[in-house]
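Q: Please find target.cif (mmCIF, C-alpha atoms) on the next line:
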data_my_file
loop_
_atom_site.label_atom_id
_atom_site.label_comp_id
_atom_site.auth_asym_id
_atom_site.auth_seq_id
_atom_site.Cartn_x
_atom_site.Cartn_y
_atom_site.Cartn_z
CA SER A 14 -26.00 -1.37 49.02
CA SER A 15 -26.11 -2.64 45.46
CA GLY A 16 -23.55 -2.61 42.63
CA ILE A 17 -19.90 -3.62 42.64
CA ASN A 18 -19.37 -3.19 46.38
CA ALA A 19 -22.15 -5.70 47.05
CA GLU A 20 -20.23 -8.32 45.06
CA CYS A 21 -16.93 -7.85 46.93
CA PRO A 22 -17.60 -10.29 49.76
CA LEU A 23 -18.84 -12.90 47.28
CA ARG A 24 -15.88 -12.63 44.88
CA PRO A 25 -12.60 -12.33 46.76
CA GLY A 26 -9.78 -10.68 44.81
CA VAL A 27 -12.14 -8.75 42.51
CA CYS A 28 -12.47 -5.56 44.54
CA GLU A 29 -8.89 -4.57 45.32
CA ASP A 30 -7.81 -0.94 45.56
CA GLU A 31 -4.59 -1.49 43.58
CA VAL A 32 -3.87 -2.76 40.09
CA LEU A 33 -1.46 -5.65 40.45
CA VAL A 34 0.88 -7.22 37.89
CA GLY A 35 -1.39 -10.25 37.74
CA HIS A 36 -4.33 -8.05 36.75
CA VAL A 37 -2.36 -6.52 33.88
CA LYS A 38 -1.15 -9.91 32.66
CA GLU A 39 -4.69 -11.30 32.72
CA ALA A 40 -6.03 -8.26 30.84
CA PHE A 41 -3.27 -8.64 28.21
CA ARG A 42 -4.05 -12.34 27.84
CA LEU A 43 -7.76 -11.67 27.35
CA LEU A 44 -7.18 -8.84 24.89
CA SER A 45 -4.68 -10.78 22.80
CA LYS A 46 -7.21 -13.58 22.46
CA SER A 47 -9.99 -11.23 21.38
CA ILE A 48 -8.09 -9.09 18.86
CA ILE A 49 -8.12 -10.44 15.33
CA ARG A 50 -4.83 -10.00 13.54
CA VAL A 51 -5.09 -9.33 9.82
CA GLU A 52 -2.15 -10.68 7.89
CA THR A 53 -1.61 -9.07 4.52
CA PRO A 54 0.13 -11.25 1.97
CA ASP A 55 2.93 -10.04 -0.27
CA ILE A 56 1.82 -8.39 -3.48
CA ASN A 57 2.60 -10.29 -6.68
CA LEU A 58 3.50 -7.72 -9.34
CA GLU A 59 3.63 -10.09 -12.30
CA ASP A 60 1.03 -9.95 -15.07
CA GLU A 61 -1.63 -12.13 -13.47
CA PRO A 62 -4.47 -9.79 -12.50
CA GLU A 63 -7.15 -12.25 -13.68
CA VAL A 64 -6.25 -14.85 -11.02
CA PRO A 65 -5.91 -12.94 -7.73
CA GLU A 66 -6.70 -15.95 -5.51
CA GLN A 67 -3.82 -18.20 -6.43
CA THR A 68 -2.23 -20.15 -3.57
CA ASP A 69 1.45 -20.14 -2.74
CA ASP A 70 1.67 -23.85 -3.58
CA ALA A 71 0.53 -23.20 -7.15
CA MET A 72 3.09 -20.42 -7.57
CA ASP A 73 5.97 -22.60 -6.40
CA GLY A 74 5.58 -24.80 -9.47
CA GLU A 75 5.88 -21.94 -11.95
CA GLU A 76 9.15 -21.30 -13.67
CA GLY A 77 10.97 -18.02 -13.15
CA GLU A 78 11.17 -15.74 -10.15
CA GLN A 79 7.98 -13.93 -9.18
CA LEU A 80 8.32 -10.20 -8.58
CA ARG A 81 6.87 -9.64 -5.11
CA ILE A 82 6.91 -6.82 -2.61
CA THR A 83 5.42 -6.60 0.87
CA PHE A 84 1.99 -5.09 1.26
CA GLU A 85 3.53 -2.28 3.33
CA ASP A 86 5.99 -1.40 0.55
CA TYR A 87 3.20 -1.54 -2.04
CA ARG A 88 1.08 0.75 0.10
CA LYS A 89 3.95 3.19 0.65
CA ILE A 90 4.85 3.39 -3.06
CA SER A 91 1.24 3.66 -4.23
CA ASN A 92 0.39 6.36 -1.68
CA MET A 93 3.44 8.41 -2.73
CA LEU A 94 2.52 8.09 -6.41
CA ILE A 95 -1.13 8.96 -5.86
CA GLN A 96 -0.28 11.93 -3.65
CA ARG A 97 2.13 13.23 -6.31
CA MET A 98 -0.56 12.92 -8.96
CA ARG A 99 -3.14 14.71 -6.80
CA ASP A 100 -0.64 17.51 -6.05
CA PHE A 101 0.14 17.82 -9.77
CA GLU A 102 -3.56 17.95 -10.66
CA ASP A 103 -4.13 20.69 -8.06
CA GLN A 104 -1.18 22.74 -9.37
CA GLU A 105 -2.44 22.47 -12.94
CA LYS A 106 -5.98 23.49 -11.96
CA ASN A 107 -4.57 26.66 -10.39
CA LYS A 108 -2.64 27.45 -13.59
CA ASP A 109 -5.66 26.93 -15.87
CA SER A 110 -3.43 24.57 -17.83
CA GLU A 111 -4.67 22.09 -20.41
CA GLU A 112 -2.29 19.41 -19.12
CA GLY A 113 -3.87 18.05 -15.94
CA ALA A 114 -2.14 14.67 -15.93
CA LEU A 115 1.33 13.21 -15.64
CA LYS A 116 2.77 10.73 -18.10
CA LYS A 117 3.60 7.32 -16.69
CA LYS A 118 7.32 7.83 -17.40
CA GLU A 119 7.28 11.22 -15.62
CA LEU A 120 5.68 9.60 -12.56
CA VAL A 121 8.26 6.79 -12.47
CA ASP A 122 11.11 9.31 -12.85
CA TRP A 123 9.63 11.45 -10.05
CA TYR A 124 9.41 8.45 -7.70
CA ILE A 125 12.99 7.41 -8.43
CA SER A 126 14.15 10.97 -7.70
CA GLN A 127 12.39 10.77 -4.32
CA VAL A 128 14.11 7.53 -3.28
CA GLU A 129 17.47 7.97 -5.04
CA GLU A 130 19.31 8.40 -1.72
CA GLU A 131 18.27 4.83 -0.79
CA ILE A 132 19.46 3.41 -4.12
CA GLU A 133 22.96 1.96 -4.37
CA GLY A 134 24.05 1.30 -7.92
CA GLU A 135 22.55 1.04 -11.37
CA GLN A 136 21.15 -2.48 -10.88
CA GLU A 137 19.10 -1.39 -7.87
CA MET A 138 17.87 1.68 -9.77
CA ILE A 139 16.69 -0.51 -12.66
CA ALA A 140 15.01 -2.87 -10.19
CA ARG A 141 13.26 0.04 -8.43
CA MET A 142 12.08 1.45 -11.76
CA ASN A 143 10.71 -1.98 -12.70
CA VAL A 144 8.89 -2.31 -9.36
CA THR A 145 7.47 1.22 -9.69
CA GLU A 146 6.20 0.48 -13.21
CA LYS A 147 4.62 -2.76 -11.96
CA VAL A 148 2.97 -0.94 -9.03
CA ILE A 149 1.50 1.61 -11.46
CA GLU A 150 0.33 -1.24 -13.71
CA ARG A 151 -1.39 -2.89 -10.75
CA LEU A 152 -2.98 0.40 -9.70
CA VAL A 153 -4.43 0.67 -13.22
CA LYS A 154 -5.43 -2.93 -14.00
CA VAL A 155 -6.18 -4.55 -10.63
CA ASP A 156 -6.97 -1.85 -8.07
CA ASN A 157 -8.62 0.53 -10.58
CA VAL A 158 -7.18 3.52 -8.71
CA LEU A 159 -5.42 5.04 -11.72
CA LEU A 160 -6.79 5.56 -15.21
CA GLU A 161 -4.64 5.54 -18.37
CA ILE A 162 -5.41 8.17 -20.98
CA GLY A 163 -3.86 8.08 -24.43
CA GLY A 164 -0.44 6.61 -25.15
CA GLY A 165 -0.07 3.30 -26.84
CA GLU A 166 1.22 4.69 -30.14
CA LYS A 167 4.83 3.69 -30.82
CA GLY A 168 5.54 2.98 -27.17
CA GLU A 169 4.44 6.45 -26.07
CA SER A 170 3.94 6.74 -22.32
CA PRO A 171 0.24 7.15 -21.45
CA TYR A 172 -1.10 9.92 -19.25
CA LEU A 173 -2.31 8.82 -15.82
CA VAL A 174 -5.03 10.30 -13.63
CA VAL A 175 -6.33 9.25 -10.21
CA HIS A 176 -9.83 7.84 -10.36
CA PRO A 177 -12.12 10.68 -9.22
CA ASN A 178 -13.85 8.48 -6.63
CA TYR A 179 -10.62 7.29 -5.00
CA ILE A 180 -9.92 8.57 -1.49
CA VAL A 181 -6.40 8.19 -0.04
CA ASP A 182 -6.43 6.42 3.34
#
Here is the file; what I need is its structure written in the form of structure tokens.

A:
Amino acid sequence: SSGINAECPLRPGVCEDEVLVGHVKEAFRLLSKSIIRVETPDINLEDEPEVPEQTDDAMDGEEGEQLRITFEDYRKISNMLIQRMRDFEDQEKNKDSEEGALKKKELVDWYISQVEEEIEGEQEMIARMNVTEKVIERLVKVDNVLLEIGGGEKGESPYLVVHPNYIVD
């Protein structure tokens, strides 16, 4: 007969009826070698969108503390903000309202209200607001996920909309 059974006498240990611990360990070893792990670096939220490929060594020499968050935190915050904006846009479409966008300040305030149970003290609240504003800035200037409309006059908060071609993962 042909197939796997024909190979059994030629390859001892290959055709066993049971899965042994050694088999599982070998399979794990082979899989861990073949799977590529993608490491995502921390997100730098400072005003440097023009130079995205700066190395850590170059940043160490700069003065001042860089505002950084993990990629997972950035993803979590940005997804919450984008989902809120999409929900708001949908609500406004149903109302036949002229106002189909949130102001940047309204979006920051909404996010802070969502995470206020995690915040301990005024300093942390200010820090969270700063991070949220920087995430929004990055979504506008670097990722091109959000679009700013209006604002700019006398420090007025601009309206924000999600880019129509953006799909949430």

Q: When you look at Lys147 in chain A with a cut-off of 9 Å (counting all atoms listed in the file), what residues show up, excluding the ones that are within fewer than 4 positions of it in the same chain? I need them as a VMD selection string.

A: chain A and resid 58 to 60 80 142 to 143 151 to 152

Q: Can you find the residues with an atom no farther than 10 Å from (-0.1, 8.1, -5.3), counting only C-alpha atoms, and report them as a ChimeraX atom specification?

A: /A:88-100,120,124,149,152,158-159,174-175,181

Q: Restricting the calculation to only C-alpha atoms, which member of A:Glu129, A:Asp86, A:Glu29, A:Glu105 is positioned closest to Ile56 in chain A?

A: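 Of all the options, A:Asp86 lies closest to Ile56 in chain A.
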
Q: Please, what distance in Å, to one decimal, runs between CA of Gln79 in chain A and CA of Asn157 in chain A?

A: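 Computed distance, CA of Gln79 in chain A to CA of Asn157 in chain A, equals 22.1 Å.
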
Q: Calculate how many Å separate CA of Asn178 in chain A from CA of Asp156 in chain A, rounding to one decimal.

A: 12.5 Å

Q: Could you check how far CA of Pro171 in chain A sits from CA of Phe101 in chain A, in Å to one decimal?

A: 15.8 Å

Q: Take the PyMOL selection byres ((chain A and resi 54) around 10), run it mentally on this structure, and tell me the resulting residues as a count of residues only.

A: 11

Q: List the neighbours of Gly163 in chain A out to 9 Å using all atoms listed in the file; skip same-chain residues closer than 5 positions along the sequence, and give me the result as a list in words.

A: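 Listed by chain and then number, they are Glu169, Ser170, Pro171, Tyr172 and Leu173 of chain A.
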